[in-house]
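Listing of protein_15.txt; format and content: compact mmCIF, C-alpha atoms.
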```txt
# COMPACT_ATOMS: atom_id res chain seq x y z
CA MET A 473 -8.24 30.62 21.37
CA LYS A 474 -9.41 27.06 21.97
CA GLU A 475 -7.48 24.45 19.99
CA ILE A 476 -8.84 21.04 19.05
CA LEU A 477 -6.55 18.40 17.57
CA ILE A 478 -8.22 16.17 14.98
CA GLU A 479 -6.12 13.03 14.86
CA GLY A 480 -8.30 9.92 14.81
CA PRO A 481 -8.55 7.19 17.48
CA TYR A 482 -5.73 5.14 18.97
CA PHE A 483 -5.95 1.55 20.20
CA GLU A 484 -6.97 2.54 23.75
CA ASP A 485 -9.92 4.49 22.37
CA PHE A 486 -11.78 1.47 20.97
CA THR A 487 -14.48 -0.62 22.65
CA VAL A 488 -15.73 -3.98 21.45
CA GLY A 489 -19.28 -3.64 20.14
CA GLU A 490 -19.13 0.03 19.25
CA PHE A 491 -19.94 1.32 15.79
CA LEU A 492 -17.43 3.76 14.33
CA GLU A 493 -18.33 7.12 12.87
CA GLU A 494 -20.36 6.62 9.70
CA ALA A 495 -18.63 7.65 6.48
CA PRO A 496 -20.42 9.58 3.72
CA SER A 497 -22.35 7.39 1.30
CA ILE A 498 -20.97 7.23 -2.23
CA THR A 499 -22.94 7.23 -5.47
CA LEU A 500 -20.84 5.42 -8.07
CA THR A 501 -20.46 7.41 -11.28
CA GLU A 502 -18.86 7.07 -14.70
CA GLY A 503 -16.14 9.34 -13.32
CA HIS A 504 -15.25 6.73 -10.73
CA ALA A 505 -15.24 4.03 -13.42
CA ASN A 506 -12.93 6.14 -15.60
CA MET A 507 -10.60 6.72 -12.66
CA HIS A 508 -10.40 2.99 -11.94
CA GLN A 509 -9.69 2.24 -15.59
CA MET A 510 -6.99 4.91 -15.79
CA LEU A 511 -5.17 3.60 -12.72
CA PHE A 512 -5.39 -0.15 -13.36
CA GLY A 513 -6.15 -0.82 -17.02
CA ASP A 514 -8.71 -3.40 -15.92
CA ARG A 515 -10.00 -5.39 -18.92
CA SER A 516 -13.22 -6.76 -17.35
CA ARG A 517 -15.57 -7.16 -20.28
CA LEU A 518 -18.92 -6.19 -18.76
CA PRO A 519 -17.96 -2.88 -17.06
CA LEU A 520 -16.18 -1.72 -20.24
CA ASP A 521 -18.98 -2.54 -22.70
CA HIS A 522 -22.39 -1.16 -21.70
CA HIS A 523 -24.21 -2.79 -24.62
CA LEU A 524 -22.72 -6.17 -23.79
CA ALA A 525 -23.54 -5.71 -20.10
CA HIS A 526 -27.18 -4.96 -20.97
CA LYS A 527 -27.38 -8.09 -23.12
CA ILE A 528 -25.84 -10.34 -20.48
CA THR A 529 -27.29 -8.90 -17.26
CA GLY A 530 -30.59 -7.55 -18.57
CA SER A 531 -30.09 -4.28 -16.68
CA ASP A 532 -30.42 -0.91 -18.39
CA ARG A 533 -27.72 0.47 -16.07
CA PRO A 534 -23.99 -0.04 -16.70
CA ILE A 535 -22.48 -2.58 -14.34
CA ALA A 536 -19.71 -1.35 -12.04
CA ASN A 537 -16.41 -3.12 -11.61
CA GLY A 538 -16.78 -5.19 -8.44
CA ILE A 539 -13.22 -4.57 -7.30
CA MET A 540 -13.83 -0.83 -7.60
CA ALA A 541 -16.96 -1.13 -5.45
CA MET A 542 -15.05 -3.16 -2.85
CA GLY A 543 -12.36 -0.48 -2.76
CA PHE A 544 -14.91 2.20 -1.93
CA ALA A 545 -16.47 0.04 0.78
CA ILE A 546 -13.06 -0.45 2.39
CA GLY A 547 -12.31 3.28 2.19
CA GLN A 548 -15.57 4.03 3.99
CA THR A 549 -14.36 1.98 7.00
CA THR A 550 -11.20 3.96 7.71
CA TYR A 551 -12.37 6.40 10.38
CA GLY A 552 -11.01 3.94 12.95
CA SER A 553 -7.74 3.33 11.12
CA GLN A 554 -6.55 6.88 10.54
CA ASN A 555 -3.43 6.10 12.57
CA VAL A 556 -3.04 2.62 11.09
CA MET A 557 0.41 1.10 10.73
CA GLY A 558 -0.88 -1.42 8.19
CA ASN A 559 -3.95 -3.51 7.43
CA LEU A 560 -3.14 -7.14 8.12
CA PHE A 561 -5.93 -9.01 6.36
CA TYR A 562 -9.44 -9.18 4.93
CA ARG A 563 -11.82 -12.10 5.44
CA GLY A 564 -15.18 -13.19 4.07
CA VAL A 565 -15.58 -10.62 1.29
CA VAL A 566 -18.55 -11.66 -0.87
CA LEU A 567 -20.19 -9.52 -3.54
CA LYS A 568 -23.73 -10.63 -2.76
CA LYS A 569 -25.37 -8.57 -5.49
CA PRO A 570 -24.02 -6.94 -8.65
CA VAL A 571 -23.28 -3.24 -8.30
CA TYR A 572 -24.27 -0.79 -11.02
CA ILE A 573 -23.23 2.73 -11.94
CA GLY A 574 -25.66 4.98 -10.12
CA ASP A 575 -25.87 2.77 -7.04
CA THR A 576 -25.19 4.48 -3.71
CA LEU A 577 -23.05 2.53 -1.25
CA SER A 578 -23.38 3.06 2.51
CA THR A 579 -21.12 1.28 4.97
CA THR A 580 -21.24 0.64 8.71
CA THR A 581 -18.23 -0.56 10.72
CA GLN A 582 -18.38 -2.32 14.09
CA ILE A 583 -15.51 -3.35 16.37
CA VAL A 584 -15.77 -7.08 17.11
CA ALA A 585 -12.36 -7.85 18.65
CA LEU A 586 -9.37 -6.09 20.24
CA ARG A 587 -6.04 -7.75 20.82
CA GLN A 588 -2.92 -5.95 22.03
CA ASN A 589 0.33 -7.17 20.53
CA LYS A 590 3.16 -8.39 22.73
CA VAL A 591 5.75 -5.69 23.22
CA LYS A 592 9.04 -6.72 21.64
CA GLY A 593 12.42 -5.07 21.98
CA GLY A 594 11.07 -1.99 23.71
CA ARG A 595 8.87 -1.05 20.75
CA PRO A 596 5.81 1.15 21.38
CA SER A 597 2.57 -0.66 22.22
CA THR A 598 0.21 -1.57 19.37
CA GLY A 599 -2.93 -3.60 18.89
CA MET A 600 -5.06 -5.37 16.32
CA VAL A 601 -8.61 -4.17 15.74
CA GLY A 602 -11.13 -6.65 14.30
CA LEU A 603 -13.75 -4.82 12.23
CA GLU A 604 -17.02 -6.17 10.85
CA ILE A 605 -18.17 -4.21 7.82
CA THR A 606 -21.59 -4.11 6.16
CA THR A 607 -22.25 -2.29 2.89
CA THR A 608 -25.75 -1.67 1.53
CA ASN A 609 -27.13 0.03 -1.57
CA GLN A 610 -29.77 2.76 -1.84
CA ASN A 611 -32.54 0.14 -1.56
CA GLY A 612 -31.19 -1.27 1.68
CA ASP A 613 -29.95 -4.44 -0.01
CA GLU A 614 -26.86 -5.91 1.62
CA ILE A 615 -24.08 -5.83 -0.98
CA MET A 616 -21.21 -7.01 1.21
CA ARG A 617 -20.46 -8.11 4.76
CA PHE A 618 -16.81 -8.74 5.54
CA TRP A 619 -14.06 -8.34 8.11
CA ARG A 620 -10.68 -6.66 8.18
CA CYS A 621 -7.95 -6.20 10.78
CA PRO A 622 -5.84 -3.03 10.98
CA MET A 623 -2.90 -2.70 13.37
CA VAL A 624 -3.14 0.55 15.30
CA PRO A 625 -0.64 2.17 17.72
CA CYS A 626 -1.45 2.96 21.33
CA ARG A 627 -1.62 6.59 22.37
CA ASP A 628 0.61 5.70 25.33
CA PRO A 629 3.64 3.84 23.91
CA LYS A 630 3.87 1.88 27.18
CA ALA A 631 0.17 1.09 27.44
CA GLN A 632 -1.03 -2.24 28.82
CA THR A 633 -4.70 -2.36 27.79
CA GLY A 634 -5.44 -5.97 28.73
CA HIS A 635 -7.26 -6.52 25.44
CA ALA A 636 -6.68 -10.16 24.46
CA ASP A 637 -9.62 -11.18 22.28
CA TYR A 638 -9.11 -14.09 19.94
CA LEU A 639 -9.36 -13.03 16.32
CA ASP A 640 -10.93 -16.37 15.42
CA ILE A 641 -14.26 -14.63 16.03
CA ILE A 642 -13.68 -13.48 12.46
CA PRO A 643 -14.95 -16.21 10.06
CA SER A 644 -12.12 -18.10 8.40
CA ASP A 645 -14.04 -19.39 5.39
CA ILE A 646 -17.07 -18.82 3.18
CA SER A 647 -19.71 -21.52 2.83
CA ALA A 648 -20.56 -23.05 -0.53
CA GLU A 649 -24.18 -21.98 -0.01
CA THR A 650 -23.16 -18.33 0.40
CA LEU A 651 -21.15 -18.40 -2.81
CA ILE A 652 -23.88 -20.14 -4.80
CA ASP A 653 -26.46 -17.63 -3.53
CA ALA A 654 -24.22 -14.74 -4.58
CA ALA A 655 -23.70 -15.92 -8.17
CA PRO A 656 -26.10 -14.15 -10.59
CA LYS A 657 -28.89 -16.52 -11.64
CA ASP A 658 -30.51 -14.57 -14.49
CA TRP A 659 -27.53 -13.59 -16.63
CA ASP A 660 -27.44 -14.85 -20.22
CA LEU A 661 -24.34 -17.01 -19.96
CA ASP A 662 -24.97 -18.71 -23.31
CA ALA A 663 -24.81 -15.35 -25.08
CA PHE A 664 -21.50 -14.56 -23.35
CA ARG A 665 -19.98 -17.91 -24.33
CA GLN A 666 -21.10 -17.47 -27.93
CA ARG A 667 -19.68 -13.95 -28.09
CA PHE A 668 -16.17 -14.77 -26.85
CA SER A 669 -13.80 -17.59 -27.70
CA GLY A 670 -11.09 -18.82 -25.36
CA ILE A 671 -11.31 -20.23 -21.86
CA HIS A 672 -14.74 -20.37 -20.21
CA PHE A 673 -15.70 -22.35 -17.11
CA ASP A 674 -15.76 -25.72 -18.88
CA GLN A 675 -12.28 -25.20 -20.32
CA VAL A 676 -10.60 -24.12 -17.07
CA GLU A 677 -8.06 -26.67 -15.84
CA THR A 678 -7.16 -27.08 -12.17
CA ASP A 679 -3.60 -27.39 -10.85
CA VAL A 680 -2.39 -24.84 -13.39
CA LEU A 681 -0.06 -21.97 -12.52
CA PHE A 682 -0.24 -18.81 -14.62
CA LYS A 683 2.81 -16.55 -14.38
CA ILE A 684 1.97 -13.08 -15.68
CA LYS A 685 4.98 -11.61 -17.46
CA ALA A 686 3.52 -8.10 -17.79
CA ARG A 687 4.19 -6.12 -14.62
CA ASP A 688 2.59 -2.89 -13.38
CA THR A 689 4.26 0.03 -11.64
CA VAL A 690 2.37 1.51 -8.69
CA THR A 691 1.55 5.16 -9.42
CA SER A 692 -1.01 7.71 -8.20
CA ALA A 693 -1.40 5.90 -4.88
CA PRO A 694 -2.47 9.00 -2.85
CA GLU A 695 -5.06 9.87 -5.50
CA LEU A 696 -6.79 6.50 -5.13
CA THR A 697 -6.62 6.87 -1.34
CA ARG A 698 -8.42 10.20 -1.49
CA VAL A 699 -11.10 9.24 -4.03
CA THR A 700 -12.10 6.17 -1.97
CA LEU A 701 -12.44 8.35 1.19
CA ASN A 702 -9.60 6.46 2.86
CA LEU A 703 -8.50 8.43 5.94
CA ALA A 704 -5.39 6.42 6.83
CA MET A 705 -2.61 9.00 7.14
CA THR A 706 0.17 6.54 6.30
CA HIS A 707 -1.06 6.51 2.68
CA THR A 708 -0.76 10.27 2.14
CA ASP A 709 1.89 11.44 4.62
CA ALA A 710 5.35 9.86 4.74
CA GLY A 711 5.83 11.38 8.18
CA ALA A 712 2.89 9.32 9.48
CA SER A 713 4.32 6.05 8.17
CA VAL A 714 6.42 3.66 10.24
CA TYR A 715 8.45 3.08 7.05
CA GLY A 716 9.47 6.71 6.58
CA LYS A 717 7.69 6.76 3.22
CA ARG A 718 4.06 6.53 2.13
CA LEU A 719 2.52 3.08 2.43
CA VAL A 720 0.35 2.17 -0.56
CA TYR A 721 -3.31 1.47 0.23
CA GLY A 722 -3.91 -2.28 0.13
CA GLY A 723 -6.81 -1.89 -2.28
CA HIS A 724 -4.34 -0.50 -4.81
CA THR A 725 -2.28 -3.69 -4.77
CA ILE A 726 -5.45 -5.81 -4.93
CA SER A 727 -6.76 -3.86 -7.93
CA ILE A 728 -3.51 -4.35 -9.83
CA ALA A 729 -3.63 -8.08 -9.10
CA ALA A 730 -7.26 -8.23 -10.28
CA ALA A 731 -6.32 -6.55 -13.56
CA GLN A 732 -3.38 -8.93 -14.06
CA LEU A 733 -5.69 -11.90 -13.44
CA LEU A 734 -7.61 -10.98 -16.61
CA ARG A 735 -4.52 -11.56 -18.74
CA ALA A 736 -4.79 -15.24 -17.82
CA LEU A 737 -8.58 -15.60 -17.68
CA PRO A 738 -10.05 -12.78 -19.79
CA ASN A 739 -13.55 -14.29 -19.78
CA THR A 740 -13.94 -13.83 -16.03
CA LEU A 741 -17.40 -12.33 -15.46
CA SER A 742 -16.75 -11.11 -11.93
CA ILE A 743 -14.63 -11.56 -8.83
CA LEU A 744 -17.31 -12.89 -6.54
CA ALA A 745 -15.49 -13.42 -3.23
CA TRP A 746 -12.23 -13.25 -1.29
CA ARG A 747 -11.69 -16.29 0.90
CA HIS A 748 -8.67 -14.57 2.41
CA CYS A 749 -6.52 -11.59 1.55
CA ASN A 750 -3.31 -11.05 3.50
CA HIS A 751 -0.90 -8.15 3.12
CA VAL A 752 2.29 -10.03 3.92
CA ALA A 753 4.68 -7.12 3.18
CA PRO A 754 4.30 -3.40 2.48
CA VAL A 755 3.97 -1.85 -0.97
CA PHE A 756 5.35 1.57 -1.89
CA GLU A 757 4.93 4.01 -4.75
CA ASP A 758 6.98 2.97 -7.81
CA ASP A 759 7.12 -0.68 -6.77
CA ILE A 760 6.66 -2.95 -9.79
CA LEU A 761 4.12 -5.72 -9.19
CA ARG A 762 3.63 -9.07 -10.89
CA SER A 763 1.20 -11.90 -10.20
CA GLU A 764 1.30 -15.67 -10.11
CA ILE A 765 -2.14 -17.31 -10.30
CA THR A 766 -2.91 -20.92 -9.35
CA VAL A 767 -6.22 -22.58 -10.29
CA LEU A 768 -7.30 -24.59 -7.24
CA LYS A 769 -10.77 -25.97 -7.89
CA LYS A 770 -13.99 -25.62 -9.89
CA THR A 771 -17.61 -25.62 -8.69
CA PRO A 772 -20.34 -25.90 -11.35
CA LEU A 773 -23.54 -23.96 -10.71
CA PRO A 774 -27.09 -25.28 -11.21
CA SER A 775 -27.98 -22.22 -13.31
CA GLY A 776 -24.95 -22.67 -15.59
CA GLY A 777 -21.35 -21.60 -15.56
CA GLY A 778 -19.46 -21.99 -12.34
CA LEU A 779 -17.10 -20.76 -9.67
CA VAL A 780 -13.33 -21.07 -9.86
CA ASP A 781 -11.13 -20.87 -6.76
CA LEU A 782 -7.80 -19.14 -7.36
CA GLN A 783 -4.70 -18.35 -5.33
CA ILE A 784 -2.89 -15.18 -6.37
CA ASN A 785 0.56 -14.31 -5.04
CA VAL A 786 1.81 -10.84 -5.86
CA MET A 787 5.51 -10.03 -5.89
CA ALA A 788 7.06 -6.55 -5.72
CA ASP A 789 10.28 -5.58 -7.44
CA ARG A 790 11.37 -2.74 -5.21
CA GLY A 791 13.84 -1.10 -7.58
CA GLU A 792 16.47 1.45 -6.64
CA ASN A 793 14.17 3.85 -4.77
CA ALA A 794 12.64 1.35 -2.34
CA PRO A 795 14.03 0.17 1.03
CA LYS A 796 15.77 -2.89 -0.46
CA GLU A 797 17.32 -2.34 -3.83
CA GLY A 798 16.44 -4.93 -6.43
CA THR A 799 14.36 -7.06 -4.06
CA ASN A 800 11.46 -9.20 -5.22
CA ASP A 801 9.23 -9.51 -2.15
CA HIS A 802 5.99 -11.45 -1.68
CA VAL A 803 3.49 -8.70 -0.80
CA LEU A 804 -0.01 -10.19 -1.27
CA ASP A 805 -1.49 -13.62 -0.49
CA TRP A 806 -4.99 -13.61 -1.99
CA GLY A 807 -7.46 -16.49 -2.17
CA LEU A 808 -10.45 -15.58 -4.30
CA VAL A 809 -13.42 -17.00 -6.18
CA ILE A 810 -14.36 -15.87 -9.70
CA PHE A 811 -17.63 -16.37 -11.59
CA MET A 812 -17.37 -17.67 -15.17
CA ALA A 813 -19.88 -18.58 -17.88
```
Would you put the structure from the file into structure tokens?
Amino acid sequence: MKEILIEGPYFEDFTVGEFLEEAPSITLTEGHANMHQMLFGDRSRLPLDHHLAHKITGSDRPIANGIMAMGFAIGQTTYGSQNVMGNLFYRGVVLKKPVYIGDTLSTTTQIVALRQNKVKGGRPSTGMVGLEITTTNQNGDEIMRFWRCPMVPCRDPKAQTGHADYLDIIPSDISAETLIDAAPKDWDLDAFRQRFSGIHFDQVETDVLFKIKARDTVTSAPELTRVTLNLAMTHTDAGASVYGKRLVYGGHTISIAAAQLLRALPNTLSILAWRHCNHVAPVFEDDILRSEITVLKKTPLPSGGGLVDLQINVMADRGENAPKEGTNDHVLDWGLVIFMA
């Protein structure tokens, strides 16, 4: 009997310029929204309240949580990172158009850079894979275009591929014009401000650090991996992880941080962009995460409201079941832009 091993590509298998196997498109449903809410307790006002969302956005369709949509887009890119050791960073994530329940997201992934890591201490050969990702909706509208960089092992542990591309081909910042274009122009911001008291754009102060006391324990990590179509084996199989235990999908950590952000700024309308997002240390099931949020700057918009640049640092209390008992490690360095009324 002929045997075929299905294992996903290794670093030597990639070529700059190639498009990876296309993932299934995903139609976002209320079931997905319920799953996201169950896992993260996200208190975003518009996705939770359909009547409010209709009043503010003017759409008859419920708006989807933007972080949830981003998580699905990332999951659709993981054909090439099935053997991933860890995703190092994201760059240039911009939610160019609001996403609604019922929208169908399709994602293409192209390799734009390959760089083999220097071999240290006799370790097996690995490399970094620069990916450019484009997500569109059912109408062909571009919803997101962004970049990420997984680290992937070589099939031959002693491989010398010669790949030495500079990763600075990946954009390091997002222009002000791109952010202004992405901000919704026709939402009724006055109605939102009148409906809710507390901090809106005008009341936000810069150079403020919010320390979120309430922490969240990472649970159901493999379930989120599967529902987002994430193929990376390290998230579902401890034997496939370089840590000897399942590595939590980065989108899980990001979603917890996004939910904790709303404790400080509950009138956030949407997370519009990620200037950078670096996974600086691994996260494991049962880690307890907390966030520290710094307000960096404000940009008023011609149509009202404005953009607020934030820096979020997420710390993990490892607890007794993690590699370092009682540690409090910095695991996420996230620079993002929110849209406020």
Rank nothing, just name the residue among A:Ile573, A:Leu520, A:Ile765, A:Ala495 nearest to Val680 in chain A, using all atoms listed in the file.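 Selected residue with least distance to Val680 in chain A: A:Ile765.
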Would you list the contacts of range 670-677 of chain A as a short mmCIF file (atom, residue, chain, number, x, y, z; two decimals) with C-alpha atoms, in the frame of the given file, taking every protein, DNA or RNA residue within 7 Å and counting all atoms listed in the file, but skipping same-chain residues closer than 5 positions in sequence?
```cif
data_model
loop_
_atom_site.label_atom_id
_atom_site.label_comp_id
_atom_site.auth_asym_id
_atom_site.auth_seq_id
_atom_site.Cartn_x
_atom_site.Cartn_y
_atom_site.Cartn_z
CA LEU A 737 -8.58 -15.60 -17.68
CA ASN A 739 -13.55 -14.29 -19.78
CA GLY A 777 -21.35 -21.60 -15.56
CA GLY A 778 -19.46 -21.99 -12.34
CA MET A 812 -17.37 -17.67 -15.17
CA ALA A 813 -19.88 -18.58 -17.88
#
```
* To do: Write out as a PyMOL selection string which residues come within 10 Å of Ala788 in chain A when counting all atoms listed in the file, dropping same-chain ones fewer than 4 positions away.
  => chain A and resi 687-690+725+753-756+758-763+798-804
Original post:
Excluding same-chain residues fewer than 6 positions from Pro481 in chain A, what lies within 9 Å of it counting only C-alpha atoms, as a list in words?
Top reply: Tyr551, Gly552, Ser553, Gln554, Asn555, Val624 and Arg627 of chain A
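Residues lying within 12 Å of Gly634 in chain A, counting all atoms listed in the file and ignoring same-chain neighbours fewer than 4 positions away, are Phe483, Glu484, Leu586, Arg587, Gln588, Asn589, Lys590, Ser597, Thr598 and Gly599 of chain A.
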Expressed in Å, the length from CA of Val714 in chain A to CA of Tyr482 in chain A is 15.0 Å
Original post:
So which residues are close to (-23.3, -15.6, -0.4), meaning at most 10 Å away in the file's coordinates with only C-alpha atoms counted, and can you show them as an MDAnalysis selection string?
Top reply: chainID A and resid 564:569 615:617 646:655 744:745
Listing only residues of range 541-652 of chain A within 10 Å of range 695-707 of chain A, what is the closest atom pair and its distance in Å (to one decimal) for each, using only C-alpha atoms, sorted by chain and residue number ascending, as CSV?
```
residue,atom,partner,partner_atom,distance
A:Ala541,CA,A:Thr700,CA,9.4
A:Met542,CA,A:Thr700,CA,9.8
A:Gly543,CA,A:Thr700,CA,6.7
A:Phe544,CA,A:Thr700,CA,4.9
A:Ala545,CA,A:Thr700,CA,8.0
A:Ile546,CA,A:Asn702,CA,7.7
A:Gly547,CA,A:Asn702,CA,4.2
A:Gln548,CA,A:Leu701,CA,6.0
A:Thr549,CA,A:Asn702,CA,7.7
A:Thr550,CA,A:Leu703,CA,5.5
A:Tyr551,CA,A:Leu703,CA,6.2
A:Gly552,CA,A:Ala704,CA,8.7
A:Ser553,CA,A:Ala704,CA,5.8
A:Gln554,CA,A:Ala704,CA,3.9
A:Asn555,CA,A:Ala704,CA,6.1
A:Val556,CA,A:Ala704,CA,6.2
A:Met557,CA,A:Thr706,CA,7.0
A:Gly558,CA,A:Thr706,CA,8.2
```
Open item on the list: I'd like to know which of A:Ser578, A:Asn785, A:Ser669, A:Gln632 is closest to Ser497 in chain A, using all atoms listed in the file.
Closed with: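 Nearest to Ser497 in chain A: A:Ser578.
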Exercise: Trp806 in chain A partners within 10 Å, all atoms listed in the file, chain neighbours under 4 positions left out, as a PyMOL selection string
chain A and resi 561-562+726+729+746-751+765+782-786
Here CA of Asp640 in chain A and CA of Val584 in chain A stand apart by 10.6 Å
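For the pair CA of Phe491 in chain A and CA of Leu603 in chain A, the interatomic distance is 9.4 Å.
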Taking the partial coordinates given, rebuild range 714-741 of chain A to contain N, CA and C atoms; return it as a PDB file, keeping the file's coordinate frame.
```pdb
ATOM      1  N   VAL A 714       5.332   4.281   9.479  1.00  0.00           N
ATOM      2  CA  VAL A 714       6.420   3.660  10.240  1.00  0.00           C
ATOM      3  C   VAL A 714       7.593   3.318   9.323  1.00  0.00           C
ATOM      4  N   TYR A 715       7.391   3.405   8.006  1.00  0.00           N
ATOM      5  CA  TYR A 715       8.450   3.080   7.050  1.00  0.00           C
ATOM      6  C   TYR A 715       9.226   4.310   6.593  1.00  0.00           C
ATOM      7  N   GLY A 716       8.789   5.491   7.010  1.00  0.00           N
ATOM      8  CA  GLY A 716       9.470   6.710   6.580  1.00  0.00           C
ATOM      9  C   GLY A 716       9.136   7.102   5.158  1.00  0.00           C
ATOM     10  N   LYS A 717       8.180   6.423   4.554  1.00  0.00           N
ATOM     11  CA  LYS A 717       7.690   6.760   3.220  1.00  0.00           C
ATOM     12  C   LYS A 717       6.238   6.277   3.143  1.00  0.00           C
ATOM     13  N   ARG A 718       5.484   6.840   2.213  1.00  0.00           N
ATOM     14  CA  ARG A 718       4.060   6.530   2.130  1.00  0.00           C
ATOM     15  C   ARG A 718       3.825   5.043   1.850  1.00  0.00           C
ATOM     16  N   LEU A 719       2.952   4.464   2.639  1.00  0.00           N
ATOM     17  CA  LEU A 719       2.520   3.080   2.430  1.00  0.00           C
ATOM     18  C   LEU A 719       1.358   3.092   1.437  1.00  0.00           C
ATOM     19  N   VAL A 720       1.420   2.232   0.440  1.00  0.00           N
ATOM     20  CA  VAL A 720       0.350   2.170  -0.560  1.00  0.00           C
ATOM     21  C   VAL A 720      -0.871   1.472   0.038  1.00  0.00           C
ATOM     22  N   TYR A 721      -2.036   2.051  -0.191  1.00  0.00           N
ATOM     23  CA  TYR A 721      -3.310   1.470   0.230  1.00  0.00           C
ATOM     24  C   TYR A 721      -3.447   0.059  -0.323  1.00  0.00           C
ATOM     25  N   GLY A 722      -3.826  -0.898   0.541  1.00  0.00           N
ATOM     26  CA  GLY A 722      -3.910  -2.280   0.130  1.00  0.00           C
ATOM     27  C   GLY A 722      -4.825  -2.516  -1.055  1.00  0.00           C
ATOM     28  N   GLY A 723      -5.903  -1.742  -1.154  1.00  0.00           N
ATOM     29  CA  GLY A 723      -6.810  -1.890  -2.280  1.00  0.00           C
ATOM     30  C   GLY A 723      -6.155  -1.588  -3.614  1.00  0.00           C
ATOM     31  N   HIS A 724      -5.092  -0.805  -3.583  1.00  0.00           N
ATOM     32  CA  HIS A 724      -4.340  -0.500  -4.810  1.00  0.00           C
ATOM     33  C   HIS A 724      -3.637  -1.762  -5.311  1.00  0.00           C
ATOM     34  N   THR A 725      -2.963  -2.445  -4.420  1.00  0.00           N
ATOM     35  CA  THR A 725      -2.280  -3.690  -4.770  1.00  0.00           C
ATOM     36  C   THR A 725      -3.281  -4.733  -5.260  1.00  0.00           C
ATOM     37  N   ILE A 726      -4.411  -4.850  -4.563  1.00  0.00           N
ATOM     38  CA  ILE A 726      -5.450  -5.810  -4.930  1.00  0.00           C
ATOM     39  C   ILE A 726      -6.000  -5.507  -6.325  1.00  0.00           C
ATOM     40  N   SER A 727      -6.215  -4.234  -6.628  1.00  0.00           N
ATOM     41  CA  SER A 727      -6.760  -3.860  -7.930  1.00  0.00           C
ATOM     42  C   SER A 727      -5.792  -4.165  -9.062  1.00  0.00           C
ATOM     43  N   ILE A 728      -4.508  -3.983  -8.818  1.00  0.00           N
ATOM     44  CA  ILE A 728      -3.510  -4.350  -9.830  1.00  0.00           C
ATOM     45  C   ILE A 728      -3.522  -5.860 -10.050  1.00  0.00           C
ATOM     46  N   ALA A 729      -3.593  -6.627  -8.975  1.00  0.00           N
ATOM     47  CA  ALA A 729      -3.630  -8.080  -9.100  1.00  0.00           C
ATOM     48  C   ALA A 729      -4.880  -8.531  -9.865  1.00  0.00           C
ATOM     49  N   ALA A 730      -6.014  -7.880  -9.592  1.00  0.00           N
ATOM     50  CA  ALA A 730      -7.260  -8.230 -10.280  1.00  0.00           C
ATOM     51  C   ALA A 730      -7.143  -7.966 -11.774  1.00  0.00           C
ATOM     52  N   ALA A 731      -6.501  -6.861 -12.138  1.00  0.00           N
ATOM     53  CA  ALA A 731      -6.320  -6.550 -13.560  1.00  0.00           C
ATOM     54  C   ALA A 731      -5.365  -7.540 -14.209  1.00  0.00           C
ATOM     55  N   GLN A 732      -4.319  -7.954 -13.503  1.00  0.00           N
ATOM     56  CA  GLN A 732      -3.380  -8.930 -14.060  1.00  0.00           C
ATOM     57  C   GLN A 732      -4.024 -10.298 -14.220  1.00  0.00           C
ATOM     58  N   LEU A 733      -4.954 -10.642 -13.332  1.00  0.00           N
ATOM     59  CA  LEU A 733      -5.690 -11.900 -13.440  1.00  0.00           C
ATOM     60  C   LEU A 733      -6.343 -12.034 -14.815  1.00  0.00           C
ATOM     61  N   LEU A 734      -6.867 -10.933 -15.358  1.00  0.00           N
ATOM     62  CA  LEU A 734      -7.610 -10.980 -16.610  1.00  0.00           C
ATOM     63  C   LEU A 734      -6.718 -11.261 -17.819  1.00  0.00           C
ATOM     64  N   ARG A 735      -5.416 -11.150 -17.664  1.00  0.00           N
ATOM     65  CA  ARG A 735      -4.520 -11.560 -18.740  1.00  0.00           C
ATOM     66  C   ARG A 735      -4.521 -13.084 -18.885  1.00  0.00           C
ATOM     67  N   ALA A 736      -4.752 -13.784 -17.785  1.00  0.00           N
ATOM     68  CA  ALA A 736      -4.790 -15.240 -17.820  1.00  0.00           C
ATOM     69  C   ALA A 736      -6.180 -15.774 -18.126  1.00  0.00           C
ATOM     70  N   LEU A 737      -7.202 -15.143 -17.531  1.00  0.00           N
ATOM     71  CA  LEU A 737      -8.580 -15.600 -17.680  1.00  0.00           C
ATOM     72  C   LEU A 737      -9.462 -14.420 -18.089  1.00  0.00           C
ATOM     73  N   PRO A 738      -9.350 -13.987 -19.356  1.00  0.00           N
ATOM     74  CA  PRO A 738     -10.050 -12.780 -19.790  1.00  0.00           C
ATOM     75  C   PRO A 738     -11.565 -12.905 -19.804  1.00  0.00           C
ATOM     76  N   ASN A 739     -12.092 -14.120 -19.774  1.00  0.00           N
ATOM     77  CA  ASN A 739     -13.550 -14.290 -19.780  1.00  0.00           C
ATOM     78  C   ASN A 739     -14.146 -14.372 -18.384  1.00  0.00           C
ATOM     79  N   THR A 740     -13.402 -13.935 -17.386  1.00  0.00           N
ATOM     80  CA  THR A 740     -13.940 -13.830 -16.030  1.00  0.00           C
ATOM     81  C   THR A 740     -15.091 -12.832 -16.031  1.00  0.00           C
ATOM     82  N   LEU A 741     -16.254 -13.238 -15.527  1.00  0.00           N
ATOM     83  CA  LEU A 741     -17.400 -12.330 -15.460  1.00  0.00           C
ATOM     84  C   LEU A 741     -17.323 -11.414 -14.246  1.00  0.00           C
TER      85      LEU A 741
END
```
